[in-house]
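The next block is start_29.txt, given as compact mmCIF, C-alpha atoms and all ligand atoms.
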# COMPACT_ATOMS: atom_id res chain seq x y z
CA MET A 1191 37.73 -26.19 5.35
CA LYS A 1192 37.83 -29.83 4.28
CA ILE A 1193 34.86 -31.53 2.58
CA ARG A 1194 34.52 -35.12 1.44
CA LEU A 1195 32.03 -36.04 -1.29
CA ILE A 1196 30.91 -39.65 -1.10
CA TYR A 1197 29.34 -41.68 -3.87
CA PRO A 1198 27.84 -44.76 -2.15
CA ARG A 1199 28.00 -48.18 -3.69
CA PHE A 1200 24.92 -49.56 -5.42
CA LYS A 1201 24.17 -53.00 -6.78
CA LYS A 1202 24.15 -53.12 -10.57
CA PHE A 1203 20.87 -54.53 -11.67
CA LEU A 1204 22.04 -58.00 -12.69
CA GLU A 1205 24.12 -58.44 -9.55
CA ASP A 1206 21.43 -60.61 -7.96
CA HIS A 1207 21.26 -62.76 -11.12
CA PRO A 1208 24.71 -64.37 -11.38
CA GLY A 1209 23.46 -66.94 -13.95
CA LEU A 1210 22.34 -64.16 -16.28
CA ARG A 1211 25.52 -62.19 -15.79
CA GLU A 1212 27.53 -65.22 -16.77
CA SER A 1213 25.47 -66.08 -19.85
CA LEU A 1214 25.44 -62.45 -21.05
CA ARG A 1215 29.10 -61.77 -20.40
CA GLU A 1216 30.14 -61.73 -24.06
CA TYR A 1217 27.32 -59.33 -24.94
CA VAL A 1218 28.66 -56.63 -22.59
CA VAL A 1219 25.18 -55.88 -21.34
CA GLY A 1220 23.68 -56.12 -17.89
CA ASP A 1221 26.86 -55.13 -16.09
CA TYR A 1222 26.96 -52.14 -18.31
CA THR A 1223 26.67 -49.07 -16.11
CA MET A 1224 26.89 -45.37 -16.76
CA PRO A 1225 29.92 -43.29 -15.85
CA PRO A 1226 29.64 -41.92 -12.29
CA SER A 1227 26.97 -39.35 -11.46
CA LEU A 1228 27.25 -35.86 -12.92
CA ALA A 1229 26.04 -34.37 -9.62
CA LEU A 1230 29.51 -34.77 -8.09
CA PRO A 1231 31.53 -32.88 -10.73
CA ILE A 1232 28.82 -30.20 -10.77
CA LEU A 1233 29.15 -29.75 -7.00
CA ALA A 1234 32.93 -29.75 -7.35
CA SER A 1235 32.74 -26.94 -9.91
CA LEU A 1236 30.54 -24.89 -7.55
CA THR A 1237 32.85 -25.37 -4.56
CA PRO A 1238 34.86 -22.25 -3.59
CA PRO A 1239 38.57 -22.65 -4.39
CA ASP A 1240 39.67 -22.29 -0.76
CA VAL A 1241 37.81 -25.48 0.18
CA ASP A 1242 39.88 -28.66 0.33
CA LEU A 1243 37.57 -31.03 -1.58
CA HIS A 1244 37.99 -34.81 -1.82
CA LEU A 1245 35.97 -37.62 -3.36
CA THR A 1246 35.45 -41.19 -2.18
CA ASP A 1247 33.78 -43.49 -4.67
CA ASP A 1248 32.50 -46.49 -2.78
CA ASN A 1249 31.67 -48.15 -6.14
CA ILE A 1250 35.30 -48.65 -7.03
CA GLY A 1251 36.17 -49.83 -3.53
CA GLN A 1252 37.86 -46.69 -2.26
CA PRO A 1253 38.11 -47.13 1.52
CA ILE A 1254 36.19 -44.83 3.84
CA ASN A 1255 38.12 -43.55 6.84
CA TYR A 1256 35.40 -42.61 9.30
CA ASP A 1257 37.96 -41.27 11.78
CA GLU A 1258 39.35 -38.72 9.36
CA GLN A 1259 39.29 -35.10 10.55
CA ILE A 1260 36.80 -33.58 8.15
CA ASP A 1261 34.45 -30.59 8.42
CA LEU A 1262 31.62 -31.86 6.24
CA VAL A 1263 30.67 -35.05 4.45
CA ALA A 1264 28.33 -34.64 1.46
CA ILE A 1265 26.54 -37.71 0.12
CA SER A 1266 24.62 -37.70 -3.15
CA CYS A 1267 22.45 -40.72 -3.84
CA PHE A 1268 19.61 -42.19 -5.83
CA THR A 1269 17.38 -44.92 -4.41
CA PRO A 1270 19.56 -48.04 -4.96
CA GLN A 1271 22.34 -46.22 -3.08
CA ALA A 1272 20.19 -44.96 -0.22
CA GLN A 1273 20.66 -47.84 2.21
CA ARG A 1274 24.43 -47.71 1.88
CA ALA A 1275 24.32 -43.90 2.05
CA TYR A 1276 22.49 -44.13 5.37
CA GLU A 1277 25.02 -46.64 6.75
CA ILE A 1278 27.91 -44.34 5.81
CA ALA A 1279 26.17 -41.26 7.21
CA ASP A 1280 25.39 -43.02 10.49
CA GLU A 1281 29.03 -44.04 10.95
CA TYR A 1282 30.32 -40.52 10.37
CA ARG A 1283 27.73 -38.98 12.66
CA LYS A 1284 28.57 -41.45 15.45
CA ARG A 1285 32.00 -39.80 15.42
CA GLY A 1286 30.57 -36.28 15.43
CA THR A 1287 31.20 -35.48 11.74
CA LYS A 1288 28.47 -33.43 10.07
CA VAL A 1289 26.73 -35.00 7.09
CA VAL A 1290 24.63 -33.38 4.38
CA MET A 1291 22.67 -35.45 1.87
CA GLY A 1292 21.26 -34.61 -1.52
CA GLY A 1293 20.35 -36.18 -4.84
CA ILE A 1294 17.19 -37.83 -6.11
CA HIS A 1295 16.36 -40.06 -3.14
CA PRO A 1296 16.84 -37.52 -0.31
CA SER A 1297 15.02 -34.93 -2.43
CA LEU A 1298 11.97 -37.16 -2.74
CA CYS A 1299 11.91 -38.37 0.86
CA PRO A 1300 13.74 -35.73 2.91
CA GLN A 1301 12.19 -36.71 6.24
CA GLU A 1302 13.55 -40.25 5.93
CA ALA A 1303 17.01 -38.93 4.96
CA LEU A 1304 16.98 -36.52 7.91
CA GLU A 1305 16.99 -39.52 10.24
CA HIS A 1306 20.54 -40.15 9.00
CA ALA A 1307 21.88 -36.71 8.10
CA ASP A 1308 22.40 -33.38 9.85
CA ALA A 1309 21.05 -31.59 6.79
CA VAL A 1310 19.24 -32.52 3.60
CA CYS A 1311 19.20 -30.63 0.34
CA ALA A 1312 15.81 -31.38 -1.25
CA GLY A 1313 15.75 -30.44 -4.92
CA GLU A 1314 18.49 -29.02 -7.10
CA GLY A 1315 21.59 -28.27 -5.07
CA ASP A 1316 23.26 -25.90 -7.56
CA SER A 1317 21.90 -22.71 -5.99
CA LEU A 1318 22.29 -23.99 -2.42
CA TRP A 1319 25.68 -25.67 -2.27
CA GLN A 1320 27.68 -22.53 -1.44
CA THR A 1321 25.19 -21.59 1.31
CA ILE A 1322 25.48 -25.09 2.77
CA ILE A 1323 29.28 -24.81 2.80
CA GLU A 1324 29.08 -21.39 4.44
CA ASP A 1325 26.61 -22.63 7.07
CA ALA A 1326 28.77 -25.68 7.81
CA LYS A 1327 31.77 -23.36 8.22
CA ASN A 1328 29.84 -21.19 10.69
CA ASN A 1329 28.33 -24.18 12.46
CA THR A 1330 24.83 -23.00 11.49
CA LEU A 1331 23.73 -25.88 9.27
CA GLN A 1332 19.95 -25.93 8.81
CA ARG A 1333 18.09 -29.21 8.74
CA LEU A 1334 16.41 -28.75 5.37
CA TYR A 1335 17.55 -26.78 2.32
CA GLU A 1336 15.09 -26.23 -0.49
CA PRO A 1337 15.78 -24.03 -3.51
CA LYS A 1338 13.99 -20.68 -3.35
CA ILE A 1339 14.73 -19.88 -6.97
CA ILE A 1340 14.49 -21.87 -10.18
CA TYR A 1341 18.09 -22.45 -11.18
CA ASN A 1342 18.98 -20.86 -14.50
CA LEU A 1343 21.00 -23.36 -16.55
CA ALA A 1344 22.86 -20.46 -18.19
CA ASP A 1345 24.66 -20.20 -14.84
CA MET A 1346 25.79 -23.81 -14.95
CA PRO A 1347 29.58 -24.06 -14.80
CA ILE A 1348 31.49 -26.70 -16.74
CA PRO A 1349 31.35 -29.71 -14.41
CA LYS A 1350 34.75 -30.50 -12.89
CA ARG A 1351 35.08 -34.03 -14.22
CA GLU A 1352 38.75 -34.11 -13.21
CA ILE A 1353 37.50 -35.42 -9.86
CA PHE A 1354 37.19 -38.75 -11.71
CA PRO A 1355 40.86 -39.26 -12.72
CA ARG A 1356 41.21 -41.06 -16.05
CA GLU A 1357 43.91 -43.35 -14.72
CA VAL A 1358 41.40 -44.62 -12.13
CA TYR A 1359 38.17 -44.49 -14.16
CA LYS A 1360 38.47 -46.42 -17.38
CA TRP A 1361 35.51 -44.68 -18.97
CA GLU A 1362 36.20 -43.18 -22.35
CA ALA A 1363 32.81 -41.50 -22.34
CA HIS A 1364 31.05 -39.07 -20.10
CA LEU A 1365 27.67 -37.61 -19.24
CA VAL A 1366 26.44 -34.30 -20.58
CA SER A 1367 23.44 -32.51 -19.14
CA THR A 1368 21.36 -30.47 -21.58
CA MET A 1369 18.09 -29.61 -19.87
CA ARG A 1370 16.08 -30.11 -16.70
CA GLY A 1371 12.44 -30.40 -15.67
CA CYS A 1372 9.60 -32.16 -17.43
CA PRO A 1373 5.85 -31.54 -17.66
CA VAL A 1374 5.02 -35.05 -18.91
CA ARG A 1375 4.72 -36.68 -15.47
CA CYS A 1376 5.25 -40.37 -16.34
CA SER A 1377 4.12 -41.92 -13.08
CA GLY A 1378 7.33 -43.77 -12.22
CA CYS A 1379 9.70 -40.90 -12.93
CA PRO A 1380 11.40 -38.80 -10.24
CA ILE A 1381 12.36 -35.95 -12.61
CA PRO A 1382 9.16 -33.82 -12.40
CA PRO A 1383 8.97 -33.97 -8.57
CA LYS A 1384 12.70 -33.22 -8.24
CA GLU A 1385 13.34 -30.72 -11.05
CA GLY A 1386 9.88 -29.24 -11.58
CA HIS A 1387 7.31 -29.39 -14.33
CA LEU A 1388 8.78 -26.85 -16.72
CA PHE A 1389 11.42 -27.51 -19.35
CA ARG A 1390 14.61 -25.55 -18.79
CA PHE A 1391 17.19 -25.60 -21.57
CA ARG A 1392 20.92 -25.20 -21.02
CA PRO A 1393 22.28 -22.74 -23.57
CA VAL A 1394 23.64 -24.64 -26.59
CA ASP A 1395 26.96 -22.72 -26.50
CA ASN A 1396 27.40 -23.82 -22.91
CA ILE A 1397 26.76 -27.47 -23.86
CA ILE A 1398 29.20 -27.32 -26.77
CA ALA A 1399 31.85 -25.65 -24.59
CA ASP A 1400 31.36 -28.45 -22.07
CA ILE A 1401 31.82 -31.13 -24.76
CA LYS A 1402 34.90 -29.39 -26.13
CA SER A 1403 36.42 -29.13 -22.66
CA MET A 1404 36.59 -32.92 -22.26
CA PRO A 1405 39.26 -35.32 -23.45
CA TYR A 1406 36.57 -37.81 -24.54
CA ARG A 1407 35.01 -38.55 -27.91
CA GLU A 1408 31.85 -40.28 -26.69
CA PHE A 1409 29.06 -38.72 -24.68
CA TYR A 1410 25.76 -39.63 -23.12
CA ILE A 1411 23.10 -36.98 -23.24
CA THR A 1412 21.41 -37.67 -19.92
CA ASP A 1413 17.98 -36.17 -20.57
CA ASP A 1414 15.32 -38.13 -22.45
CA THR A 1415 13.33 -34.89 -22.66
CA VAL A 1416 15.50 -33.68 -25.58
CA MET A 1417 13.72 -36.25 -27.74
CA LEU A 1418 10.15 -35.30 -26.81
CA PRO A 1419 8.27 -34.18 -29.89
CA GLY A 1420 7.50 -30.59 -28.78
CA LYS A 1421 8.65 -27.84 -31.16
CA LYS A 1422 10.98 -26.22 -28.61
CA ASN A 1423 12.66 -29.53 -27.74
CA LEU A 1424 13.20 -30.48 -31.38
CA LYS A 1425 14.61 -27.06 -32.26
CA PHE A 1426 16.94 -27.28 -29.24
CA LEU A 1427 18.25 -30.71 -30.24
CA ASP A 1428 18.64 -29.58 -33.85
CA GLU A 1429 20.76 -26.65 -32.66
CA ILE A 1430 22.99 -28.95 -30.61
CA MET A 1431 23.42 -31.26 -33.62
CA GLU A 1432 24.23 -28.36 -35.93
CA GLN A 1433 27.11 -27.37 -33.69
CA SER A 1434 28.28 -30.85 -32.77
CA GLN A 1435 28.67 -32.05 -36.36
CA ASP A 1436 32.12 -30.44 -36.60
CA LEU A 1437 33.37 -31.98 -33.37
CA ASP A 1438 33.98 -35.57 -34.47
CA VAL A 1439 32.17 -37.01 -31.47
CA LYS A 1440 29.70 -39.80 -30.87
CA MET A 1441 26.61 -39.23 -28.80
CA PHE A 1442 24.23 -41.57 -27.05
CA ILE A 1443 20.85 -39.98 -26.57
CA SER A 1444 18.18 -41.17 -24.12
CA SER A 1445 14.56 -41.16 -25.15
CA THR A 1446 11.14 -42.54 -24.46
CA MET A 1447 9.01 -43.95 -27.29
CA MET A 1448 7.42 -40.49 -27.59
CA MET A 1449 9.61 -39.60 -30.55
CA VAL A 1450 8.92 -37.79 -33.81
CA ARG A 1451 8.39 -39.96 -36.87
CA ASN A 1452 10.38 -37.94 -39.35
CA TYR A 1453 13.18 -39.54 -41.34
CA ASP A 1454 15.05 -36.26 -41.96
CA PHE A 1455 15.18 -35.53 -38.26
CA TYR A 1456 17.17 -38.72 -37.65
CA THR A 1457 19.41 -37.92 -40.62
CA ARG A 1458 20.27 -34.64 -38.89
CA LEU A 1459 20.89 -36.45 -35.59
CA ALA A 1460 23.24 -38.89 -37.30
CA LYS A 1461 25.08 -36.02 -38.99
CA GLY A 1462 25.49 -34.35 -35.60
CA GLY A 1463 27.21 -37.45 -34.21
CA THR A 1464 24.31 -39.39 -32.69
CA SER A 1465 25.32 -43.03 -32.80
CA SER A 1466 22.80 -44.60 -30.44
CA ILE A 1467 19.34 -43.87 -29.05
CA TYR A 1468 18.67 -45.54 -25.72
CA THR A 1469 14.90 -45.88 -25.60
CA ILE A 1470 12.99 -46.53 -22.41
CA PHE A 1471 9.78 -48.51 -22.85
CA GLY A 1472 8.03 -47.65 -19.64
CA PHE A 1473 5.36 -45.34 -18.35
CA ASP A 1474 5.05 -43.19 -21.48
CA ARG A 1475 1.79 -43.40 -23.41
CA VAL A 1476 3.29 -44.78 -26.65
CA SER A 1477 5.03 -47.78 -25.13
CA LYS A 1478 2.12 -48.45 -22.77
CA ASN A 1479 -0.23 -48.63 -25.73
CA LEU A 1480 2.20 -50.67 -27.81
CA PHE A 1481 2.04 -53.72 -25.54
CA SER A 1482 -1.64 -53.40 -24.61
CA ASP A 1483 -4.71 -55.14 -26.06
CA ASN A 1484 -5.74 -51.77 -27.53
CA CYS A 1485 -2.78 -51.44 -29.87
CA SER A 1486 -3.98 -51.52 -33.47
CA ARG A 1487 -1.99 -53.23 -36.22
CA GLU A 1488 -1.30 -49.77 -37.66
CA GLU A 1489 0.06 -48.35 -34.38
CA TRP A 1490 2.23 -51.43 -33.91
CA GLN A 1491 3.62 -51.04 -37.42
CA GLN A 1492 4.31 -47.33 -36.86
CA CYS A 1493 6.51 -48.23 -33.87
CA VAL A 1494 8.32 -50.91 -35.90
CA ASP A 1495 8.85 -48.35 -38.69
CA LEU A 1496 10.16 -45.80 -36.20
CA VAL A 1497 12.89 -48.19 -35.06
CA ARG A 1498 13.80 -48.97 -38.68
CA MET A 1499 13.82 -45.25 -39.56
CA ILE A 1500 16.37 -44.66 -36.78
CA GLU A 1501 18.48 -47.69 -37.73
CA ASP A 1502 18.34 -46.84 -41.45
CA ASN A 1503 20.03 -43.56 -40.55
CA GLY A 1504 22.90 -45.50 -39.00
CA ILE A 1505 21.79 -44.88 -35.41
CA HIS A 1506 21.84 -47.92 -33.15
CA PHE A 1507 18.51 -48.48 -31.40
CA PHE A 1508 19.00 -49.63 -27.79
CA ALA A 1509 15.73 -50.78 -26.19
CA SER A 1510 15.15 -50.77 -22.44
CA TYR A 1511 11.94 -52.70 -21.74
CA GLY A 1512 10.12 -52.52 -18.41
CA ILE A 1513 7.81 -55.24 -17.10
CA GLY A 1514 5.54 -55.51 -14.08
CA PHE A 1515 3.27 -52.53 -14.76
CA ASP A 1516 -0.28 -52.74 -13.42
CA ASP A 1517 -1.70 -52.54 -16.94
CA GLN A 1518 0.48 -55.40 -18.22
CA ASP A 1519 0.21 -59.11 -17.65
CA ARG A 1520 2.40 -62.08 -18.58
CA ARG A 1521 1.51 -61.77 -22.27
CA VAL A 1522 3.84 -58.79 -22.41
CA VAL A 1523 6.83 -61.15 -22.63
CA ASP A 1524 5.75 -62.52 -26.02
CA ARG A 1525 4.76 -59.07 -27.22
CA ILE A 1526 8.16 -57.59 -26.37
CA LEU A 1527 10.00 -60.44 -28.08
CA LYS A 1528 7.73 -60.22 -31.14
CA PHE A 1529 8.20 -56.48 -31.41
CA SER A 1530 11.98 -56.78 -31.05
CA LYS A 1531 12.10 -59.38 -33.80
CA GLU A 1532 9.91 -57.42 -36.23
CA ALA A 1533 11.83 -54.20 -35.60
CA LYS A 1534 15.16 -56.12 -35.84
CA ILE A 1535 16.39 -54.76 -32.51
CA ASP A 1536 19.75 -56.27 -31.56
CA LEU A 1537 20.54 -54.45 -28.31
CA ALA A 1538 18.16 -54.47 -25.37
CA GLU A 1539 17.97 -54.57 -21.62
CA PHE A 1540 15.02 -55.54 -19.46
CA TYR A 1541 14.02 -54.15 -16.11
CA ILE A 1542 11.41 -54.75 -13.43
CA ILE A 1543 9.55 -51.60 -12.55
CA THR A 1544 10.38 -50.11 -9.19
CA PRO A 1545 8.04 -47.85 -7.19
CA PHE A 1546 10.58 -45.14 -6.40
CA PRO A 1547 9.62 -43.14 -3.31
CA GLY A 1548 7.97 -39.81 -4.02
CA THR A 1549 6.94 -40.67 -7.59
CA PRO A 1550 3.19 -41.06 -8.30
CA PHE A 1551 3.63 -44.81 -8.76
CA GLY A 1552 5.71 -45.06 -5.58
CA ILE A 1553 3.11 -43.16 -3.59
CA GLN A 1554 0.33 -45.36 -5.01
CA ALA A 1555 2.18 -48.61 -4.21
CA GLU A 1556 2.81 -47.41 -0.67
CA GLU A 1557 -0.83 -46.34 -0.15
CA GLU A 1558 -1.98 -49.73 -1.43
CA ASN A 1559 0.39 -51.42 1.01
CA ARG A 1560 2.23 -53.22 -1.81
CA LEU A 1561 5.83 -52.52 -0.84
CA LEU A 1562 7.63 -55.73 0.13
CA HIS A 1563 10.50 -54.05 2.00
CA ARG A 1564 12.72 -51.00 2.03
CA ASN A 1565 16.06 -52.71 1.44
CA TYR A 1566 16.87 -50.01 -1.06
CA SER A 1567 19.94 -51.80 -2.40
CA GLU A 1568 17.47 -54.16 -4.10
CA TRP A 1569 15.41 -51.30 -5.54
CA ASN A 1570 17.57 -51.36 -8.63
CA HIS A 1571 15.20 -52.60 -11.36
CA GLY A 1572 16.62 -56.13 -11.10
CA ASN A 1573 14.41 -57.33 -8.23
CA VAL A 1574 10.71 -57.39 -7.42
CA VAL A 1575 10.24 -55.03 -4.46
CA PHE A 1576 6.46 -54.61 -4.56
CA LYS A 1577 3.41 -56.85 -5.05
CA PRO A 1578 2.67 -56.81 -8.78
CA LYS A 1579 -0.96 -56.76 -9.85
CA ASN A 1580 -1.02 -59.42 -12.58
CA TRP A 1581 1.99 -61.59 -11.67
CA THR A 1582 3.11 -63.47 -8.62
CA ILE A 1583 6.52 -62.33 -7.42
CA ASP A 1584 8.05 -65.55 -8.65
CA GLU A 1585 6.43 -65.23 -12.09
CA LEU A 1586 7.71 -61.68 -12.53
CA ASN A 1587 11.23 -62.74 -11.61
CA ARG A 1588 11.04 -65.65 -14.06
CA ASP A 1589 9.68 -63.48 -16.88
CA PHE A 1590 12.54 -61.03 -16.35
CA VAL A 1591 15.10 -63.82 -16.75
CA THR A 1592 13.20 -65.30 -19.72
CA LEU A 1593 13.27 -62.00 -21.57
CA TRP A 1594 17.04 -61.63 -21.22
CA ASN A 1595 17.68 -65.21 -22.29
CA GLU A 1596 15.20 -65.33 -25.16
CA PHE A 1597 16.18 -61.97 -26.61
CA TYR A 1598 19.88 -62.81 -26.76
CA ARG A 1599 19.38 -66.42 -27.89
CA ASP A 1600 19.91 -65.69 -31.62
CA ILE A 1601 21.87 -62.43 -31.53
CA GLN A 1602 25.53 -62.22 -32.36
CA PRO A 1603 27.42 -60.61 -29.47
CA GLN A 1604 29.36 -58.25 -31.74
CA ARG A 1605 26.09 -56.78 -33.08
CA THR A 1606 25.21 -55.51 -29.61
CA VAL A 1607 28.28 -53.29 -29.24
CA ARG A 1608 28.53 -51.94 -32.77
CA SER A 1609 27.87 -48.33 -31.66
CA PHE A 1610 30.33 -48.29 -28.74
CA ASP A 1611 33.85 -47.37 -29.80
CA MET A 1612 35.05 -47.58 -26.24
CA LEU A 1613 33.98 -51.20 -26.01
CA THR A 1614 35.06 -52.37 -29.41
CA THR A 1615 38.47 -50.76 -29.79
S1 LIG A 1701 10.34 -40.40 -18.12
FE1 LIG A 1701 11.07 -38.67 -19.33
S2 LIG A 1701 9.23 -37.91 -20.34
FE2 LIG A 1701 8.51 -39.15 -18.61
S3 LIG A 1701 8.30 -37.70 -16.88
FE3 LIG A 1701 10.36 -38.58 -16.78
S4 LIG A 1701 11.65 -37.09 -17.82
FE4 LIG A 1701 9.52 -36.70 -18.45
Can you present the structure in this file as structure tokens?
Amino acid sequence: MKIRLIYPRFKKFLEDHPGLRESLREYVVGDYTMPPSLALPILASLTPPDVDLHLTDDNIGQPINYDEQIDLVAISCFTPQAQRAYEIADEYRKRGTKVVMGGIHPSLCPQEALEHADAVCAGEGDSLWQTIIEDAKNNTLQRLYEPKIIYNLADMPIPKREIFPREVYKWEAHLVSTMRGCPVRCSGCPIPPKEGHLFRFRPVDNIIADIKSMPYREFYITDDTVMLPGKKNLKFLDEIMEQSQDLDVKMFISSTMMMVRNYDFYTRLAKGGTSSIYTIFGFDRVSKNLFSDNCSREEWQQCVDLVRMIEDNGIHFFASYGIGFDDQDRRVVDRILKFSKEAKIDLAEFYIITPFPGTPFGIQAEEENRLLHRNYSEWNHGNVVFKPKNWTIDELNRDFVTLWNEFYRDIQPQRTVRSFDMLTT
């Protein structure tokens, strides 16, 4: 049996802002994208060895041969890829090739995806992939696959990252998954509806074995939930750091502003190899309060001190600021710039909030008839795709550009990449 995995192209979020891309070029931000999705090497590792598995990455311009004799095409996508994913699926199906879709977008709007696919896997595909292959083999593909069990991360194989050959992919870093699920329910986040509302932790030994199996020295921990201040999460991250400190690696951890304020904790993270914390200022309660009228001087200062506490431990603070929320207005621009200056942040990106389908905010925006269009390739955080409450569309676009330009006006380009070996060596 022959299967082709396809990773559809998506627009990077400054692609529609050529002026910004040009002015930020020396800062190596904006065009900065993550290594390719972890979903594909995970599926590859779960594929039976007798299956002839191939990958086409549309993002690096690999051509798609729609006339190829192939038993099943599997497309994984998130929302900015969905439009292209549908185009690819439609072309294959015109020629009679079966297509299955999965990933965040099809999981959150399976009925829409079913208009373009023979089958949709809604939710985590780990426990379903082998059944899908078997059904495709027997010509008994179902329309909708939904997990019947909660996948135990102890069963997670080491992802087969060899499907991204190093001579083709220049990345000297890769993604590592540590946990799934989240009970916090930030209203713009697809994780709780896709992965469930309970934390599930991958065994630490399994994570360390995964890190050791790779030829890379730099890693991105994909899950911001590791940094949430619950006891279990902190203990889990401490255990990872205890074991990673002997590995001579650098780690980039994602987080929200809901972080512990404990100096020693960040000392332990630094000792374990954490070199950067990528912090999303978005729907979480701390960052929402920070830029609101209700934020007291003391709360503001605590957030400034948190950034300094992280930086004083030698960990680079990377801020990712969202604008366009219903509880913000144009004053947020000055507040973000003021906060960045006081906290001495020298690496940041800015994004326009996007009402991803199936998230609480996405559902609300749709119910309020505020979606401007469904050209999903523009739903990439770099464009306004819904009617904002306290901005005109033009104002929100201008504020986005202003933030990028103003933030980087006085920052030395080399400061922004100080934690990235792969970019500086
Ligand atoms: S943004 Fe992070 S903390 Fe918030 S719901 Fe999503 S995974 Fe949970």
Could you state the separation of CA of Val1574 (chain A) and CA of Asp1600 (chain A) in Å, given to one decimal place? 27.2 Å
Which one is closest to ligand LIG 1701 (chain A): A:Arg1599, A:Lys1384, A:Lys1577, A:Arg1498? Count all atoms listed in the file. A:Lys1384
Throw together the list of residues within 12 Å of ligand LIG 1701 (chain A), counting only C-alpha atoms and all ligand atoms, and drop it here as an NGL selection string. :A and (1369-1390 or 1412-1420 or 1423 or 1444-1449 or 1469-1477 or 1549-1551)
Using all atoms listed in the file, list the residues that have an atom at most 12 Å from (28.1, -43.5, 11.6), coordinates as in the file, as a CSV table (one decimal) with C-alpha atoms, in the coordinates of the input.
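Output file selection_19.csv follows:
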chain,number,residue,atom,x,y,z
A,1254,ILE,CA,36.2,-44.8,3.8
A,1255,ASN,CA,38.1,-43.6,6.8
A,1256,TYR,CA,35.4,-42.6,9.3
A,1257,ASP,CA,38.0,-41.3,11.8
A,1263,VAL,CA,30.7,-35.0,4.4
A,1274,ARG,CA,24.4,-47.7,1.9
A,1275,ALA,CA,24.3,-43.9,2.0
A,1276,TYR,CA,22.5,-44.1,5.4
A,1277,GLU,CA,25.0,-46.6,6.8
A,1278,ILE,CA,27.9,-44.3,5.8
A,1279,ALA,CA,26.2,-41.3,7.2
A,1280,ASP,CA,25.4,-43.0,10.5
A,1281,GLU,CA,29.0,-44.0,11.0
A,1282,TYR,CA,30.3,-40.5,10.4
A,1283,ARG,CA,27.7,-39.0,12.7
A,1284,LYS,CA,28.6,-41.4,15.4
A,1285,ARG,CA,32.0,-39.8,15.4
A,1286,GLY,CA,30.6,-36.3,15.4
A,1287,THR,CA,31.2,-35.5,11.7
A,1288,LYS,CA,28.5,-33.4,10.1
A,1289,VAL,CA,26.7,-35.0,7.1
A,1305,GLU,CA,17.0,-39.5,10.2
A,1306,HIS,CA,20.5,-40.2,9.0
A,1307,ALA,CA,21.9,-36.7,8.1
A,1308,ASP,CA,22.4,-33.4,9.8
Applying 9 Å and only C-alpha atoms, which residues near Phe1200 (chain A) remain after dropping the ones on its own chain fewer than 6 positions away? List them as an NGL selection string. :A and (1248-1249 or 1269-1274 or 1567-1568 or 1570)
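Between CA of His1364 (chain A) and CA of Glu1429 (chain A) lies a distance of 20.4 Å.
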State, in Å with one decimal place, the distance from CA of Cys1493 (chain A) to CA of Glu1532 (chain A). 10.1 Å
Write out as a list of chain:residue names each polymer residue whose atoms come within 10 Å of Ala1326 (chain A), counting all atoms listed in the file; drop sequence neighbours fewer than 6 positions from it. A:Met1191, A:Ile1193, A:Asp1261, A:Leu1262, A:Lys1288, A:Val1289, A:Val1290, A:Ala1309, A:Gln1320, A:Gln1332
Can you list, as a compact mmCIF listing (two decimals) with C-alpha atoms, keeping the file's coordinate frame, every protein, DNA or RNA residue that comes within 10 Å of Met1404 (chain A) when you count all atoms listed in the file, leaving out same-chain residues fewer than 5 positions away?
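Produced file part22.txt, reproduced below:
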# COMPACT_ATOMS: atom_id res chain seq x y z
CA ILE A 1348 31.49 -26.70 -16.74
CA PRO A 1349 31.35 -29.71 -14.41
CA LYS A 1350 34.75 -30.50 -12.89
CA ARG A 1351 35.08 -34.03 -14.22
CA GLU A 1352 38.75 -34.11 -13.21
CA ALA A 1363 32.81 -41.50 -22.34
CA HIS A 1364 31.05 -39.07 -20.10
CA ALA A 1399 31.85 -25.65 -24.59
CA PHE A 1409 29.06 -38.72 -24.68
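The residue that comes closest to Trp1569 (chain A), out of A:Asp1206, A:Arg1407, A:Glu1432, A:Trp1594 and on the basis of all atoms listed in the file, is A:Asp1206.
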Do you know which residues are at most 10 Å from Lys1192 (chain A) counting only C-alpha atoms, after dropping those on the same chain fewer than 4 positions away, and could you put them as a PDB file with C-alpha atoms, in the frame of the given file?
ATOM      1  CA  ASP A1240      39.670 -22.290  -0.760  1.00  0.00           C
ATOM      2  CA  VAL A1241      37.810 -25.480   0.180  1.00  0.00           C
ATOM      3  CA  ASP A1242      39.880 -28.660   0.330  1.00  0.00           C
ATOM      4  CA  LEU A1243      37.570 -31.030  -1.580  1.00  0.00           C
ATOM      5  CA  HIS A1244      37.990 -34.810  -1.820  1.00  0.00           C
ATOM      6  CA  GLN A1259      39.290 -35.100  10.550  1.00  0.00           C
ATOM      7  CA  ILE A1260      36.800 -33.580   8.150  1.00  0.00           C
ATOM      8  CA  ASP A1261      34.450 -30.590   8.420  1.00  0.00           C
ATOM      9  CA  LEU A1262      31.620 -31.860   6.240  1.00  0.00           C
ATOM     10  CA  VAL A1263      30.670 -35.050   4.450  1.00  0.00           C
ATOM     11  CA  LYS A1327      31.770 -23.360   8.220  1.00  0.00           C
TER      12      LYS A1327
END
Proximity of region 1413-1531 of chain A to region 1536-1541 of chain A: per-residue shortest pair, 7 Å limit, all atoms listed in the file, as CSV:
residue,atom,partner,partner_atom,distance
A:Phe1508,CA,A:Leu1537,CA,5.1
A:Ala1509,CA,A:Ala1538,CA,4.5
A:Ser1510,CA,A:Glu1539,CA,4.8
A:Tyr1511,CA,A:Phe1540,CA,4.8
A:Gly1512,CA,A:Tyr1541,CA,4.8
A:Ile1513,CA,A:Tyr1541,CA,6.4
